[in-house]
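**Student:** Next up is a structure, given as structure tokens.
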Amino acid sequence: KEKETVKFGAILGLTGNSGSLGEDTKNGIQLAIDEQNAKGGILGKKIVLDVQDSKTDGNTGVSIAKQMLESGGEKPIAIYTQSSAVSMPVKPVAEKNKTIMFAISGADKLLENSKYIFRNWANPLTAANAIVAFISDSLKVKSIGLFYCNNDYGKSMQKYVSGDCISKGIAVKFATAFDEKEGDYKSLISEYVSKNKQLECIYTVGLGGGLGSLTKQIREAGYNGKIISDI
């Protein structure tokens, strides 16, 4: 009650693979805070933003969360996390400290056994249903291959997209993971795409620079079919 400000914490990937998304998210949060402060803040107190760079790394995210919530300083009323790679390992820290966490995360189990976690993203089942409906009903494809990022988000999307495709009679020729931080996917593409030259569609799920590099290299490898990406 004695404090004059209210702190809001954000653990974002400001550098690394998802740097552009992190900057956009930071700017969006700041705009929202500025708008609310112009209306009087919260209970007459000004909202201040504490942004830390997770580098889209889970261990770094956990260290930041513990520093924000357990160091003895002014504790934020809520924290905002970006990416499943960070949100999933930070979740137990938020739960332990009874702090609300808003997460940009499509991980299937994000909300499992949680009291303080909220998803600020489409859940993977809903997203997969929409994507496969488009692939099936609008594009009319009968065969697909999947490249998915090797984290909880990618695995969740792969599970639901593959399952939906099979239920709609779309042949899943391959479903393989890629490391978003690697950057060079030529051998992976050669291994899977070259064996499936008649493949009608490739679905890619990931984030940031890794996803962009993968998509570019698929085209450079000579694949001329349809490429569908996530939200």
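Residue names in the structure tokens use chain letters A, B, ... in the order shown, residue numbers from 1 in each chain, and ligand numbers from 1 in the order shown.
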From a backbone DSSP assignment, name each residue in segment 30-226 of chain A labelled strand (DSSP E), as JSON, numbers by chain.

**Tutor:** {"A": [46, 47, 48, 49, 50, 51, 52, 53, 78, 79, 80, 81, 82, 100, 101, 102, 103, 104, 117, 118, 119, 143, 144, 145, 146, 147, 148, 149, 171, 172, 173, 174, 175, 176, 177, 178, 201, 202, 203, 204, 205, 226]}

**Student:** Write the residues you've just listed into a file as a short mmCIF file (atom, residue, chain, number, x, y, z; two decimals), in the first residue's frame, and include N, CA and C atoms for each of them.

**Tutor:**
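Output saved as out07.cif:
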```
data_model
loop_
_atom_site.label_atom_id
_atom_site.label_comp_id
_atom_site.auth_asym_id
_atom_site.auth_seq_id
_atom_site.Cartn_x
_atom_site.Cartn_y
_atom_site.Cartn_z
N LYS A 46 1.11 4.46 -10.72
CA LYS A 46 1.68 4.34 -12.05
C LYS A 46 2.26 2.94 -12.26
N ILE A 47 2.01 2.38 -13.44
CA ILE A 47 2.55 1.06 -13.80
C ILE A 47 3.93 1.26 -14.42
N VAL A 48 4.91 0.51 -13.95
CA VAL A 48 6.26 0.55 -14.53
C VAL A 48 6.59 -0.83 -15.08
N LEU A 49 7.33 -0.85 -16.18
CA LEU A 49 7.65 -2.10 -16.86
C LEU A 49 9.10 -2.49 -16.63
N ASP A 50 9.31 -3.72 -16.19
CA ASP A 50 10.65 -4.30 -16.04
C ASP A 50 10.81 -5.37 -17.11
N VAL A 51 11.59 -5.08 -18.16
CA VAL A 51 11.80 -6.01 -19.27
C VAL A 51 13.19 -6.63 -19.17
N GLN A 52 13.26 -7.94 -19.26
CA GLN A 52 14.54 -8.66 -19.24
C GLN A 52 14.62 -9.56 -20.47
N ASP A 53 15.84 -9.74 -20.97
CA ASP A 53 16.07 -10.53 -22.18
C ASP A 53 16.37 -11.98 -21.85
N ALA A 78 2.50 -9.17 -11.95
CA ALA A 78 2.32 -10.21 -12.95
C ALA A 78 3.54 -10.21 -13.85
N ILE A 79 3.77 -11.34 -14.53
CA ILE A 79 4.87 -11.40 -15.49
C ILE A 79 4.32 -11.88 -16.82
N TYR A 80 5.03 -11.52 -17.88
CA TYR A 80 4.65 -11.88 -19.25
C TYR A 80 5.82 -12.61 -19.86
N THR A 81 5.58 -13.80 -20.40
CA THR A 81 6.66 -14.58 -20.99
C THR A 81 6.38 -14.86 -22.45
N GLN A 82 7.44 -15.05 -23.20
CA GLN A 82 7.34 -15.26 -24.65
C GLN A 82 8.05 -16.55 -25.05
N ILE A 100 0.71 -14.22 -11.19
CA ILE A 100 0.05 -14.41 -12.48
C ILE A 100 1.07 -14.31 -13.60
N MET A 101 1.00 -15.25 -14.54
CA MET A 101 1.90 -15.26 -15.69
C MET A 101 1.08 -15.35 -16.97
N PHE A 102 1.25 -14.39 -17.86
CA PHE A 102 0.66 -14.43 -19.19
C PHE A 102 1.72 -14.94 -20.16
N ALA A 103 1.42 -15.98 -20.91
CA ALA A 103 2.44 -16.61 -21.74
C ALA A 103 2.03 -16.64 -23.21
N ILE A 104 2.95 -16.16 -24.07
CA ILE A 104 2.81 -16.41 -25.51
C ILE A 104 3.36 -17.81 -25.74
N ILE A 117 -1.45 -19.40 -14.40
CA ILE A 117 -0.94 -19.27 -15.77
C ILE A 117 -2.09 -19.02 -16.74
N PHE A 118 -1.88 -18.05 -17.64
CA PHE A 118 -2.85 -17.74 -18.69
C PHE A 118 -2.16 -17.79 -20.04
N ARG A 119 -2.86 -18.32 -21.04
CA ARG A 119 -2.30 -18.43 -22.38
C ARG A 119 -2.72 -17.23 -23.22
N SER A 143 -1.12 -34.95 -49.73
CA SER A 143 0.11 -35.41 -49.07
C SER A 143 0.84 -34.22 -48.48
N ILE A 144 1.49 -34.43 -47.33
CA ILE A 144 2.13 -33.34 -46.62
C ILE A 144 3.35 -33.85 -45.86
N GLY A 145 4.33 -32.99 -45.68
CA GLY A 145 5.47 -33.26 -44.81
C GLY A 145 5.56 -32.18 -43.77
N LEU A 146 6.07 -32.50 -42.57
CA LEU A 146 6.11 -31.54 -41.47
C LEU A 146 7.54 -31.34 -40.96
N PHE A 147 7.95 -30.10 -40.85
CA PHE A 147 9.15 -29.71 -40.12
C PHE A 147 8.70 -28.91 -38.90
N TYR A 148 9.05 -29.36 -37.70
CA TYR A 148 8.59 -28.66 -36.50
C TYR A 148 9.76 -28.37 -35.56
N CYS A 149 9.71 -27.21 -34.90
CA CYS A 149 10.77 -26.83 -33.97
C CYS A 149 10.80 -27.81 -32.80
N ALA A 171 -2.03 -37.90 -46.47
CA ALA A 171 -0.88 -38.73 -46.14
C ALA A 171 0.24 -37.87 -45.56
N VAL A 172 0.71 -38.22 -44.37
CA VAL A 172 1.84 -37.53 -43.74
C VAL A 172 3.10 -38.30 -44.11
N LYS A 173 3.88 -37.75 -45.04
CA LYS A 173 5.05 -38.45 -45.57
C LYS A 173 6.23 -38.42 -44.60
N PHE A 174 6.34 -37.32 -43.84
CA PHE A 174 7.38 -37.25 -42.80
C PHE A 174 6.98 -36.18 -41.80
N ALA A 175 7.51 -36.32 -40.57
CA ALA A 175 7.35 -35.31 -39.52
C ALA A 175 8.64 -35.32 -38.73
N THR A 176 9.47 -34.30 -38.93
CA THR A 176 10.79 -34.30 -38.32
C THR A 176 11.08 -32.95 -37.66
N ALA A 177 11.83 -33.01 -36.57
CA ALA A 177 12.14 -31.81 -35.80
C ALA A 177 13.36 -31.09 -36.35
N PHE A 178 13.43 -29.78 -36.11
CA PHE A 178 14.62 -29.01 -36.43
C PHE A 178 14.96 -28.08 -35.27
N CYS A 201 2.60 -30.46 -50.25
CA CYS A 201 2.61 -29.39 -49.27
C CYS A 201 3.59 -29.69 -48.15
N ILE A 202 4.26 -28.67 -47.66
CA ILE A 202 5.11 -28.78 -46.47
C ILE A 202 4.58 -27.81 -45.42
N TYR A 203 4.40 -28.32 -44.20
CA TYR A 203 3.98 -27.48 -43.08
C TYR A 203 5.19 -27.25 -42.18
N THR A 204 5.47 -25.99 -41.87
CA THR A 204 6.58 -25.65 -40.99
C THR A 204 6.05 -24.93 -39.76
N VAL A 205 6.51 -25.33 -38.60
CA VAL A 205 6.11 -24.66 -37.36
C VAL A 205 7.36 -24.31 -36.56
N LYS A 226 3.51 -26.24 -52.19
CA LYS A 226 2.98 -25.29 -51.22
C LYS A 226 3.70 -25.39 -49.89
#
```

**Student:** How many Å lie between atom CA of Gly58 of chain A and atom CA of Gly13 of chain A, rounded to one decimal?

**Tutor:**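 Pair atom CA of Gly58 of chain A / atom CA of Gly13 of chain A returns 10.3 Å.
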
**Student:** Restricting the calculation to only C-alpha atoms, which member of A:Asn59, A:Ser156, A:Asn151, A:Asn123 is positioned closest to Glu180 of chain A?

**Tutor:**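 Smallest separation from Glu180 of chain A among the options: A:Asn151.
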
**Student:** Select from segment 42-161 of chain A everything DSSP, run on the backbone, classes as alpha helix (DSSP H), then give the selection as a ChimeraX atom specification.

**Tutor:** /A:58-70,84-96,124-133,152-161
